[in-house]
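Visitor: This is query_27.cif, which holds mmCIF, C-alpha atoms and all ligand atoms:
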```cif
data_my_file
#
loop_
_atom_site.label_atom_id
_atom_site.label_comp_id
_atom_site.auth_asym_id
_atom_site.auth_seq_id
_atom_site.Cartn_x
_atom_site.Cartn_y
_atom_site.Cartn_z
CA MET O 127 79.21 168.12 50.76
CA ARG O 128 75.65 167.50 49.57
CA GLY O 129 72.48 167.71 51.60
CA VAL O 130 68.70 167.78 51.69
CA ILE O 131 66.59 170.27 53.66
CA LEU O 132 63.00 169.32 54.49
CA VAL O 133 60.59 172.23 54.18
CA GLY O 134 57.35 170.49 53.21
CA GLY O 135 55.43 170.68 56.48
CA GLU O 136 52.42 172.92 56.82
CA GLY O 137 53.68 175.09 59.66
CA THR O 138 50.38 174.58 61.47
CA ARG O 139 51.77 175.29 64.94
CA LEU O 140 53.01 178.71 63.82
CA ARG O 141 49.59 179.78 62.59
CA PRO O 142 48.26 182.37 62.11
CA LEU O 143 51.70 183.65 61.03
CA THR O 144 52.11 180.96 58.38
CA TYR O 145 48.91 181.67 56.46
CA ALA O 146 50.60 184.36 54.42
CA ARG O 147 54.13 182.99 54.16
CA PRO O 148 55.70 179.58 54.64
CA LYS O 149 57.47 178.82 57.89
CA GLN O 150 60.88 178.92 56.21
CA LEU O 151 60.36 182.56 55.26
CA VAL O 152 59.18 183.94 58.60
CA PRO O 153 61.73 186.56 59.64
CA VAL O 154 64.22 185.87 62.41
CA LEU O 155 66.27 189.01 63.04
CA ASN O 156 64.72 190.38 59.84
CA ARG O 157 66.03 187.51 57.69
CA PRO O 158 64.10 184.42 56.61
CA LEU O 159 64.36 181.54 59.07
CA LEU O 160 65.89 179.28 56.42
CA GLU O 161 68.66 181.76 55.65
CA HIS O 162 70.16 181.16 59.10
CA LEU O 163 70.33 177.43 58.44
CA LEU O 164 71.69 177.85 54.91
CA ARG O 165 74.46 180.16 56.10
CA HIS O 166 75.39 177.75 58.84
CA LEU O 167 75.45 174.74 56.51
CA ALA O 168 77.58 176.68 54.02
CA SER O 169 80.02 177.56 56.82
CA GLN O 170 80.31 173.83 57.55
CA GLY O 171 81.04 172.92 53.93
CA VAL O 172 77.54 171.66 53.10
CA ASP O 173 76.95 173.83 50.06
CA ASP O 174 75.15 171.70 47.49
CA LEU O 175 71.56 171.31 48.66
CA VAL O 176 68.19 170.05 47.54
CA ILE O 177 65.25 171.80 49.21
CA ALA O 178 62.44 169.25 49.54
CA GLY O 179 59.01 170.78 49.79
CA SER O 180 55.50 170.80 48.45
CA ALA O 181 53.99 173.04 45.83
CA SER O 182 52.98 175.54 48.51
CA ASN O 183 56.69 176.12 49.19
CA ARG O 184 57.38 177.70 45.79
CA ALA O 185 57.83 180.99 47.63
CA VAL O 186 61.02 179.52 49.12
CA GLU O 187 62.44 178.93 45.64
CA HIS O 188 61.24 182.32 44.54
CA TYR O 189 63.15 183.91 47.42
CA PHE O 190 66.40 181.92 47.45
CA GLY O 191 66.63 180.97 43.76
CA ASP O 192 69.83 179.10 42.92
CA GLY O 193 71.43 180.11 46.23
CA ALA O 194 74.28 182.05 44.63
CA ALA O 195 73.68 185.08 46.87
CA LEU O 196 74.44 182.88 49.90
CA GLY O 197 77.31 181.00 48.30
CA VAL O 198 75.44 177.70 48.05
CA ARG O 199 73.99 175.68 45.18
CA LEU O 200 70.27 175.11 45.64
CA ARG O 201 67.94 172.83 43.76
CA TYR O 202 64.31 172.04 44.54
CA SER O 203 62.32 168.84 44.79
CA TYR O 204 58.53 169.06 45.00
CA GLU O 205 55.96 166.63 46.32
CA THR O 206 52.38 166.84 45.10
CA GLU O 207 51.31 166.08 48.67
CA PRO O 208 53.57 165.77 51.77
CA LEU O 209 55.25 162.36 51.42
CA GLY O 210 56.60 162.14 54.95
CA SER O 211 60.22 162.87 55.78
CA GLY O 212 61.64 159.57 54.49
CA LEU O 213 59.96 159.52 51.10
CA ALA O 214 60.70 163.22 50.69
CA VAL O 215 64.42 162.53 51.18
CA LYS O 216 64.25 159.44 48.99
CA GLN O 217 62.90 161.55 46.14
CA ALA O 218 65.23 164.51 46.70
CA ALA O 219 68.42 162.45 47.14
CA ALA O 220 67.71 159.79 44.50
CA ALA O 221 70.92 160.67 42.66
CA PHE O 222 73.19 160.78 45.74
CA ARG O 223 75.78 158.00 45.91
CA GLU O 224 77.90 159.36 48.78
CA THR O 225 77.45 160.29 52.45
CA PHE O 226 75.11 163.28 52.75
CA VAL O 227 73.45 165.56 55.31
CA VAL O 228 69.70 165.88 55.92
CA CYS O 229 68.16 168.71 57.96
CA ASN O 230 64.75 169.73 59.14
CA GLY O 231 64.20 173.17 57.65
CA ASP O 232 62.84 174.85 60.79
CA ILE O 233 65.87 174.77 63.07
CA ILE O 234 68.60 177.22 64.01
CA THR O 235 71.79 175.74 65.37
CA ASP O 236 75.53 176.18 65.64
CA LEU O 237 76.12 172.41 65.39
CA ASP O 238 79.70 171.44 64.61
CA LEU O 239 78.78 169.36 61.60
CA MET O 240 82.29 168.61 60.45
CA THR O 241 83.15 166.99 63.79
CA MET O 242 79.87 165.09 63.56
CA VAL O 243 80.80 163.83 60.08
CA ALA O 244 84.23 162.73 61.32
CA ARG O 245 82.58 160.85 64.19
CA HIS O 246 80.12 159.26 61.77
CA ARG O 247 83.01 157.96 59.67
CA ASP O 248 85.05 156.79 62.70
CA THR O 249 82.16 154.78 64.09
CA GLY O 250 81.19 153.33 60.72
CA ALA O 251 77.57 154.28 61.36
CA VAL O 252 74.96 153.97 58.63
CA LEU O 253 73.15 156.95 60.12
CA SER O 254 74.10 159.65 62.63
CA ILE O 255 71.62 161.84 64.48
CA ALA O 256 72.52 165.14 66.18
CA LEU O 257 71.11 165.13 69.72
CA ALA O 258 70.17 168.06 71.93
CA PRO O 259 69.23 167.92 75.62
CA VAL O 260 65.83 169.53 76.34
CA ASP O 261 63.44 169.80 79.30
CA GLU O 262 60.31 168.35 77.70
CA PRO O 263 61.65 165.68 75.36
CA TRP O 264 58.24 164.17 74.54
CA HIS O 265 57.58 167.01 72.05
CA TYR O 266 60.37 165.58 69.89
CA GLY O 267 62.00 162.32 68.81
CA VAL O 268 63.63 160.82 71.91
CA ALA O 269 66.90 158.85 71.74
CA GLU O 270 68.33 156.49 74.34
CA VAL O 271 72.10 156.09 73.97
CA ASP O 272 74.89 153.97 75.43
CA ASP O 273 78.13 155.47 76.74
CA GLU O 274 79.51 155.79 73.21
CA GLU O 275 76.33 157.66 72.22
CA ARG O 276 75.25 154.80 70.00
CA ILE O 277 71.46 155.02 69.78
CA LEU O 278 69.75 151.99 71.32
CA ARG O 279 66.18 153.17 71.05
CA PHE O 280 64.41 155.95 69.16
CA VAL O 281 60.80 156.93 69.80
CA GLU O 282 59.08 159.78 67.99
CA LYS O 283 56.96 161.93 70.34
CA PRO O 284 56.45 159.35 73.08
CA ARG O 285 53.96 159.85 75.87
CA PRO O 286 55.66 161.88 78.64
CA GLU O 287 55.92 158.87 80.95
CA GLU O 288 57.63 156.89 78.18
CA ALA O 289 60.39 159.40 77.47
CA ARG O 290 63.38 157.71 79.09
CA SER O 291 66.00 160.25 78.04
CA ASN O 292 66.20 164.01 77.70
CA LEU O 293 68.23 163.71 74.49
CA ILE O 294 66.19 164.48 71.42
CA ASN O 295 66.60 164.32 67.69
CA ALA O 296 67.90 167.79 66.79
CA GLY O 297 66.82 167.41 63.16
CA THR O 298 70.26 167.09 61.55
CA TRP O 299 71.30 163.69 60.27
CA ILE O 300 74.14 162.15 58.32
CA PHE O 301 73.00 159.47 55.92
CA GLU O 302 74.75 156.72 54.09
CA PRO O 303 72.76 156.36 50.86
CA GLU O 304 71.56 152.89 51.86
CA VAL O 305 69.40 154.40 54.62
CA LEU O 306 66.98 155.19 51.79
CA ASP O 307 66.57 151.46 51.10
CA HIS O 308 64.91 151.28 54.52
CA VAL O 309 62.20 153.80 53.64
CA PRO O 310 59.13 151.82 52.58
CA GLU O 311 57.02 153.11 49.71
CA GLY O 312 53.54 153.92 50.91
CA GLY O 313 51.68 156.68 52.71
CA ALA O 314 53.17 159.60 54.63
CA ARG O 315 53.19 157.68 57.90
CA ASP O 316 55.12 154.70 56.45
CA GLY O 317 57.35 157.28 54.79
CA SER O 318 58.40 158.83 58.11
CA LEU O 319 62.09 158.55 58.96
CA GLU O 320 61.42 159.11 62.64
CA ARG O 321 58.55 156.63 63.04
CA VAL O 322 59.69 153.91 60.67
CA THR O 323 63.22 154.05 59.28
CA PHE O 324 65.23 155.08 62.36
CA PRO O 325 63.63 152.46 64.67
CA ALA O 326 63.91 149.82 61.91
CA LEU O 327 67.65 150.37 61.46
CA ILE O 328 68.19 150.11 65.23
CA ASP O 329 66.05 146.96 65.44
CA GLN O 330 68.18 145.39 62.71
CA GLY O 331 71.30 146.03 64.79
CA ARG O 332 72.68 148.63 62.40
CA ARG O 333 74.87 151.28 63.97
CA VAL O 334 72.91 154.47 64.45
CA GLN O 335 75.20 157.00 66.09
CA GLY O 336 74.14 159.90 68.29
CA PHE O 337 76.07 163.15 68.37
CA ALA O 338 75.29 165.31 71.39
CA TRP O 339 76.95 168.69 71.64
CA GLY O 340 76.54 171.57 74.05
CA GLY O 341 75.85 174.35 71.57
CA TYR O 342 72.80 176.27 70.47
CA TRP O 343 69.75 174.59 69.02
CA ILE O 344 66.12 175.57 68.61
CA ASP O 345 63.17 174.27 66.59
CA VAL O 346 61.24 177.38 65.57
CA GLY O 347 57.97 175.50 65.57
CA SER O 348 55.64 177.56 67.77
CA PRO O 349 55.09 181.26 68.47
CA GLU O 350 56.83 180.91 71.85
CA ARG O 351 59.90 179.32 70.30
CA TYR O 352 59.80 181.80 67.44
CA LEU O 353 60.04 184.67 69.94
CA GLN O 354 62.71 182.78 71.86
CA ALA O 355 64.83 182.30 68.72
CA ASN O 356 64.70 186.02 67.95
CA ARG O 357 65.65 186.86 71.52
CA ASP O 358 68.50 184.37 71.68
CA LEU O 359 70.03 185.49 68.40
CA LEU O 360 69.63 189.16 69.17
CA ASP O 361 71.18 188.75 72.62
CA GLU O 362 74.07 186.96 70.97
CA GLU O 363 74.56 189.61 68.27
CA ALA O 364 74.37 192.36 70.86
CA ALA O 365 76.88 190.62 73.13
CA ALA O 366 79.27 190.36 70.20
CA VAL O 367 79.39 194.12 69.68
CA ALA O 368 79.03 195.62 73.16
CA GLU O 369 79.26 194.76 76.81
CA THR O 370 76.36 196.88 77.97
CA ASP O 371 72.88 195.46 77.74
CA VAL O 372 71.51 198.66 76.19
CA ILE O 373 72.21 198.39 72.53
CA LEU O 374 70.67 199.44 69.29
CA LEU O 375 71.51 197.63 66.09
CA ALA O 376 69.99 199.83 63.43
CA GLU O 377 70.15 199.98 59.66
CA ALA O 378 71.77 203.20 58.44
CA ASP O 379 68.53 204.86 57.41
CA ALA O 380 66.54 203.96 60.53
CA VAL O 381 65.61 207.13 62.42
CA ILE O 382 65.32 206.86 66.19
CA ASP O 383 64.37 210.17 67.74
CA ASP O 384 66.72 211.44 70.45
CA GLY O 385 63.86 211.55 72.90
CA ALA O 386 63.12 207.83 72.52
CA GLU O 387 64.18 205.47 75.29
CA ILE O 388 65.98 202.19 74.58
CA GLY O 389 66.73 199.40 77.01
CA GLY O 390 68.17 196.02 76.10
CA PRO O 391 69.07 194.94 72.59
CA VAL O 392 66.89 196.34 69.81
CA LEU O 393 67.27 195.60 66.11
CA ALA O 394 65.79 198.22 63.80
CA GLY O 395 65.46 197.40 60.10
CA ARG O 396 65.61 199.68 57.09
CA GLY O 397 63.44 202.76 57.14
CA VAL O 398 62.30 202.32 60.76
CA ARG O 399 60.97 205.47 62.45
CA VAL O 400 60.79 205.73 66.23
CA ARG O 401 59.36 208.98 67.59
CA GLN O 402 60.15 210.89 70.76
CA ARG O 403 59.07 209.49 74.12
CA ALA O 404 58.65 206.09 72.53
CA ARG O 405 60.09 203.27 74.60
CA LEU O 406 61.76 200.18 73.14
CA LEU O 407 62.65 197.41 75.50
CA GLY O 408 64.76 194.58 74.15
CA PRO O 409 65.17 192.03 73.00
CA THR O 410 62.94 193.55 70.35
CA VAL O 411 63.07 193.39 66.56
CA LEU O 412 61.52 196.07 64.35
CA GLY O 413 61.18 195.00 60.73
CA GLU O 414 61.73 197.19 57.70
CA GLY O 415 59.53 200.26 57.58
CA CYS O 416 58.06 199.96 61.10
CA GLU O 417 56.87 203.12 62.82
CA VAL O 418 56.57 203.57 66.57
CA GLU O 419 54.74 206.77 67.39
CA ASP O 420 55.12 209.29 70.19
CA GLY O 421 54.96 207.73 73.65
CA ALA O 422 54.28 204.19 72.41
CA SER O 423 56.15 201.29 73.97
CA VAL O 424 57.28 198.06 72.35
CA GLU O 425 58.75 195.48 74.68
CA GLN O 426 60.24 192.04 74.02
CA SER O 427 58.39 191.71 70.76
CA VAL O 428 59.02 190.95 67.12
CA LEU O 429 57.45 193.22 64.52
CA TRP O 430 57.53 192.22 60.86
CA GLU O 431 57.62 194.76 58.03
CA ASP O 432 55.62 198.01 57.96
CA VAL O 433 53.97 197.68 61.36
CA ARG O 434 52.62 200.90 62.83
CA VAL O 435 52.29 201.30 66.60
CA GLY O 436 50.15 204.37 67.33
CA ALA O 437 50.88 207.03 69.92
CA GLY O 438 50.84 205.81 73.49
CA ALA O 439 50.04 202.21 72.51
CA HIS O 440 51.69 199.38 74.42
CA VAL O 441 52.96 196.16 72.81
CA HIS O 442 54.53 193.50 74.99
CA ASN O 443 55.71 189.94 74.35
CA SER O 444 53.95 189.83 71.00
CA ILE O 445 54.48 188.99 67.34
CA LEU O 446 52.98 191.42 64.84
CA GLY O 447 52.85 190.43 61.17
CA ARG O 448 53.45 192.59 58.12
CA GLY O 449 51.42 195.77 57.95
CA VAL O 450 49.72 195.37 61.35
CA ALA O 451 48.36 198.71 62.57
CA ILE O 452 47.91 199.32 66.29
CA GLY O 453 45.69 202.28 67.12
CA ALA O 454 46.72 204.96 69.61
CA GLY O 455 46.56 203.85 73.22
CA ALA O 456 45.79 200.20 72.42
CA VAL O 457 47.27 197.49 74.64
CA ILE O 458 48.66 194.28 73.10
CA GLU O 459 50.01 191.60 75.43
CA GLY O 460 51.29 188.14 74.47
CA ALA O 461 49.48 188.35 71.13
CA VAL O 462 50.18 186.89 67.72
CA LEU O 463 48.61 189.11 65.07
CA ALA O 464 48.90 187.96 61.47
CA ASP O 465 49.56 190.21 58.49
CA GLY O 466 47.36 193.23 58.10
CA VAL O 467 45.48 193.01 61.42
CA ARG O 468 44.18 196.40 62.57
CA VAL O 469 43.54 197.15 66.22
CA ASP O 470 41.31 200.10 66.98
CA GLU O 471 42.36 203.03 69.09
CA GLY O 472 42.22 202.36 72.81
CA CYS O 473 41.41 198.67 72.42
CA ILE O 474 42.80 196.34 75.09
CA LEU O 475 43.24 192.94 73.49
CA PRO O 476 42.67 189.84 75.61
CA GLU O 477 46.08 188.51 76.61
CA GLY O 478 47.46 185.82 74.29
CA LEU O 479 45.06 186.59 71.44
CA ARG O 480 45.86 185.10 68.02
CA ALA O 481 44.29 186.96 65.11
CA MET O 482 43.86 185.86 61.50
CA PRO O 483 45.24 187.94 58.62
CA GLY O 484 43.42 191.16 57.88
CA LEU O 485 41.12 191.04 60.91
CA ARG O 486 39.93 194.27 62.46
CA LEU O 487 39.84 194.26 66.27
CA PRO O 488 37.68 194.42 68.20
CA GLU O 489 35.58 192.34 65.83
CA ARG O 490 32.30 193.99 64.99
CA GLY O 491 29.35 192.44 66.80
CA ARG O 492 31.53 191.08 69.56
CA GLU O 493 32.22 192.36 73.03
CA PRO O 494 34.49 195.40 72.68
CA HIS O 495 37.49 195.77 74.96
CA PRO O 496 37.51 199.46 75.77
CA ALA O 497 40.67 201.04 77.10
CA THR O 498 38.58 202.82 79.67
CA ALA O 499 37.99 199.82 81.94
CA SER O 500 35.69 200.64 84.80
CA SER O 501 38.36 200.52 87.53
N1 LIG Z 1 59.43 167.63 52.14
C1 LIG Z 1 58.76 167.36 53.26
N2 LIG Z 1 57.76 166.45 53.25
N3 LIG Z 1 59.10 168.04 54.38
C2 LIG Z 1 58.42 167.78 55.51
C3 LIG Z 1 57.37 166.84 55.57
C4 LIG Z 1 57.03 166.12 54.37
O1 LIG Z 1 56.13 165.30 54.32
N4 LIG Z 1 56.89 166.83 56.84
C5 LIG Z 1 57.60 167.73 57.54
N5 LIG Z 1 58.53 168.31 56.75
C6 LIG Z 1 59.52 169.33 57.12
C7 LIG Z 1 58.92 170.54 57.83
O2 LIG Z 1 58.67 171.59 56.90
C8 LIG Z 1 60.03 170.95 58.79
O3 LIG Z 1 60.96 171.83 58.19
C9 LIG Z 1 60.73 169.64 59.10
O4 LIG Z 1 60.36 168.72 58.06
C10 LIG Z 1 60.32 169.06 60.45
O5 LIG Z 1 58.91 168.94 60.49
P1 LIG Z 1 58.11 169.42 61.78
O6 LIG Z 1 56.66 169.29 61.45
O7 LIG Z 1 58.60 170.73 62.25
O8 LIG Z 1 58.48 168.27 62.78
P2 LIG Z 1 58.62 168.33 64.37
O9 LIG Z 1 59.31 169.56 64.80
O10 LIG Z 1 57.30 168.04 64.97
O11 LIG Z 1 59.54 167.04 64.65
C11 LIG Z 1 60.72 166.84 63.92
O12 LIG Z 1 61.73 167.73 64.34
C12 LIG Z 1 62.16 167.56 65.72
C13 LIG Z 1 63.30 168.52 65.95
O13 LIG Z 1 63.08 169.77 65.49
C14 LIG Z 1 61.16 165.37 64.13
O14 LIG Z 1 62.26 165.14 63.27
C15 LIG Z 1 61.55 165.15 65.59
O15 LIG Z 1 62.05 163.83 65.77
C16 LIG Z 1 62.62 166.14 65.99
O16 LIG Z 1 62.96 165.97 67.38
MG MG Z 2 59.81 171.36 63.87
#
```
Produce structure tokens that represent the structure in this file.

Guide:
Amino acid sequence: MRGVILVGGEGTRLRPLTYARPKQLVPVLNRPLLEHLLRHLASQGVDDLVIAGSASNRAVEHYFGDGAALGVRLRYSYETEPLGSGLAVKQAAAAFRETFVVCNGDIITDLDLMTMVARHRDTGAVLSIALAPVDEPWHYGVAEVDDEERILRFVEKPRPEEARSNLINAGTWIFEPEVLDHVPEGGARDGSLERVTFPALIDQGRRVQGFAWGGYWIDVGSPERYLQANRDLLDEEAAAVAETDVILLAEADAVIDDGAEIGGPVLAGRGVRVRQRARLLGPTVLGEGCEVEDGASVEQSVLWEDVRVGAGAHVHNSILGRGVAIGAGAVIEGAVLADGVRVDEGCILPEGLRAMPGLRLPERGREPHPATASS
């Protein structure tokens, strides 16, 4: 089956992580986010895909190429500026004459797409929308459905008091080609499926079918959800191989010293080095080439490639980009540090800090955060 994946957003909510690489290439369990979606789509028989992005997404093409390594056929459609989801699909799927799948490129899911397609055909819908129940639906597109899950109303990011359902657009749709006739030419806002085309089809009385299922779904759109996705997937991988909650999934050449302590699931990529008395508390992901020195602790965090955590340093609930260097004894809590950030020895970062690529902390000329607090 054919499909389109939308990757042309700017990834602003994942900044500062997305300054150096596009959202689709941020690592989840040490693989690019988009790889999880591509593998899932392939497993569901959707293996002929157009990736719709903007020029700044060339890195995605550079990485995935023609898709052969993943068993899919990939082509690329580029917008000179973001067209909005509808116009992006209209351009990417211009040659499609049959039913096809469209996905947001920042989700991870185990959606049963083949059952969804069968339901789409049975109901004769022009459009089907996968629906997921969430706690704060107003961050998403909210769907109200009848008892056959036909969508009666669709509102993109309503005000909280206007969200009348907890079922949201899970970012996977099945299109009949004629849906594209309902995407007006114009600016990015007119070109939005969620704000214009979906409500218009419903208003015209066309059948827009919901498909709610009880499986896994996450939009990896913010640092919190990015950490959550890593944790969820790692917990699941760990549960698949062992019943204990202490588990290390390590590449063959990762070296974890016998004197290191591990609790909860930990994924260690190629070339990882963990020294004695270091403490890893899962779910934690260590990217390729990471080093955790003597007595350092890394808890519930995701480290990209080549991160170095100095002796006795403490990293908790944080995301550390490629090549981040944490000095000995430093304390990092709830932080998002972009590629190449360096934290001086003994520095206690303010909780929740987000640091731009290449920054040295504490910043010169600003209040230092000495490890030796006066208490
Ligand atoms: N090609 C292209 N052009 N892609 C785009 C454009 C565009 O103009 N705008 C966004 N995208 C891509 C993004 O790269 C991302 O992969 C996907 O479309 C969704 O965009 P987000 O910016 O992440 O949207 P959202 O999360 O706020 O909302 C969307 O997803 C929710 C579920 O994850 C909407 O579809 C909501 O209705 C939905 O609930
Ligand atoms: Mg999103």

Visitor: Compute the set of protein, DNA and RNA residues whose minimum atom distance to ligand LIG 1 (chain Z) is at most 7 Å, using all atoms listed in the file, and state it as a ChimeraX atom specification.

Guide: /O:132-137,178-180,205,208-211,214,230-233,266-268,282,294-297,314,320,345,347

Visitor: Write out as a PyMOL selection string each polymer residue whose atoms come within 10 Å of O:His265, counting all atoms listed in the file; drop sequence neighbours fewer than 4 positions from it.

Guide: chain O and resi 260-261+282-286+289+294

Visitor: Measuring atom to atom with all atoms listed in the file, identify which of O:Ile328, O:Ala185, O:Val441, O:Leu406 is nearest to O:Phe280.

Guide: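 Closest residue, counting all atoms listed in the file: O:Ile328.
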
Visitor: Can you tell me which residues surround O:Gly478 at a distance of at most 8 Å, considering only C-alpha atoms, apart from same-chain residues fewer than 3 positions away, and format the answer as a PyMOL selection string?

Guide: chain O and resi 459-462

Visitor: Determine, counting all atoms listed in the file, which protein, DNA and RNA residues have an atom within 8 Å of an atom of O:Leu140; residues of the same chain fewer than 5 positions away are not included. Present the result as a list in words.

Guide: Lys149, Gly347, Ser348 and Pro349 of chain O

Visitor: Go through O:Leu213, O:Glu414, O:Pro259, O:Thr249 one by one, measure the shortest atom-to-atom distance of each to O:Gly312 using all atoms listed in the file, and give the residue with the smallest value.

Guide: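 That would be O:Leu213, the residue with the smallest distance to O:Gly312.
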
Visitor: Please check which residues have atoms at most 10 Å from (69.4, 161.4, 80.6) in the file's coordinates, counting only C-alpha atoms, and write them as a PyMOL selection string.

Guide: chain O and resi 259-260+269-271+289-293

Visitor: Can you write out the residues you just picked, keeping C-alpha atoms, as a compact mmCIF listing (two decimals), in the frame of the given file?

Guide:
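And here's selection07.txt as it stands now:
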```txt
# COMPACT_ATOMS: atom_id res chain seq x y z
CA PRO O 259 69.23 167.92 75.62
CA VAL O 260 65.83 169.53 76.34
CA ALA O 269 66.90 158.85 71.74
CA GLU O 270 68.33 156.49 74.34
CA VAL O 271 72.10 156.09 73.97
CA ALA O 289 60.39 159.40 77.47
CA ARG O 290 63.38 157.71 79.09
CA SER O 291 66.00 160.25 78.04
CA ASN O 292 66.20 164.01 77.70
CA LEU O 293 68.23 163.71 74.49
```

Visitor: Of the candidates O:Asp272, O:Ile344, O:Pro148, O:Leu239, which shows the shortest atom-to-atom distance to ligand MG 2 (chain Z), using all atoms listed in the file?

Guide: O:Ile344
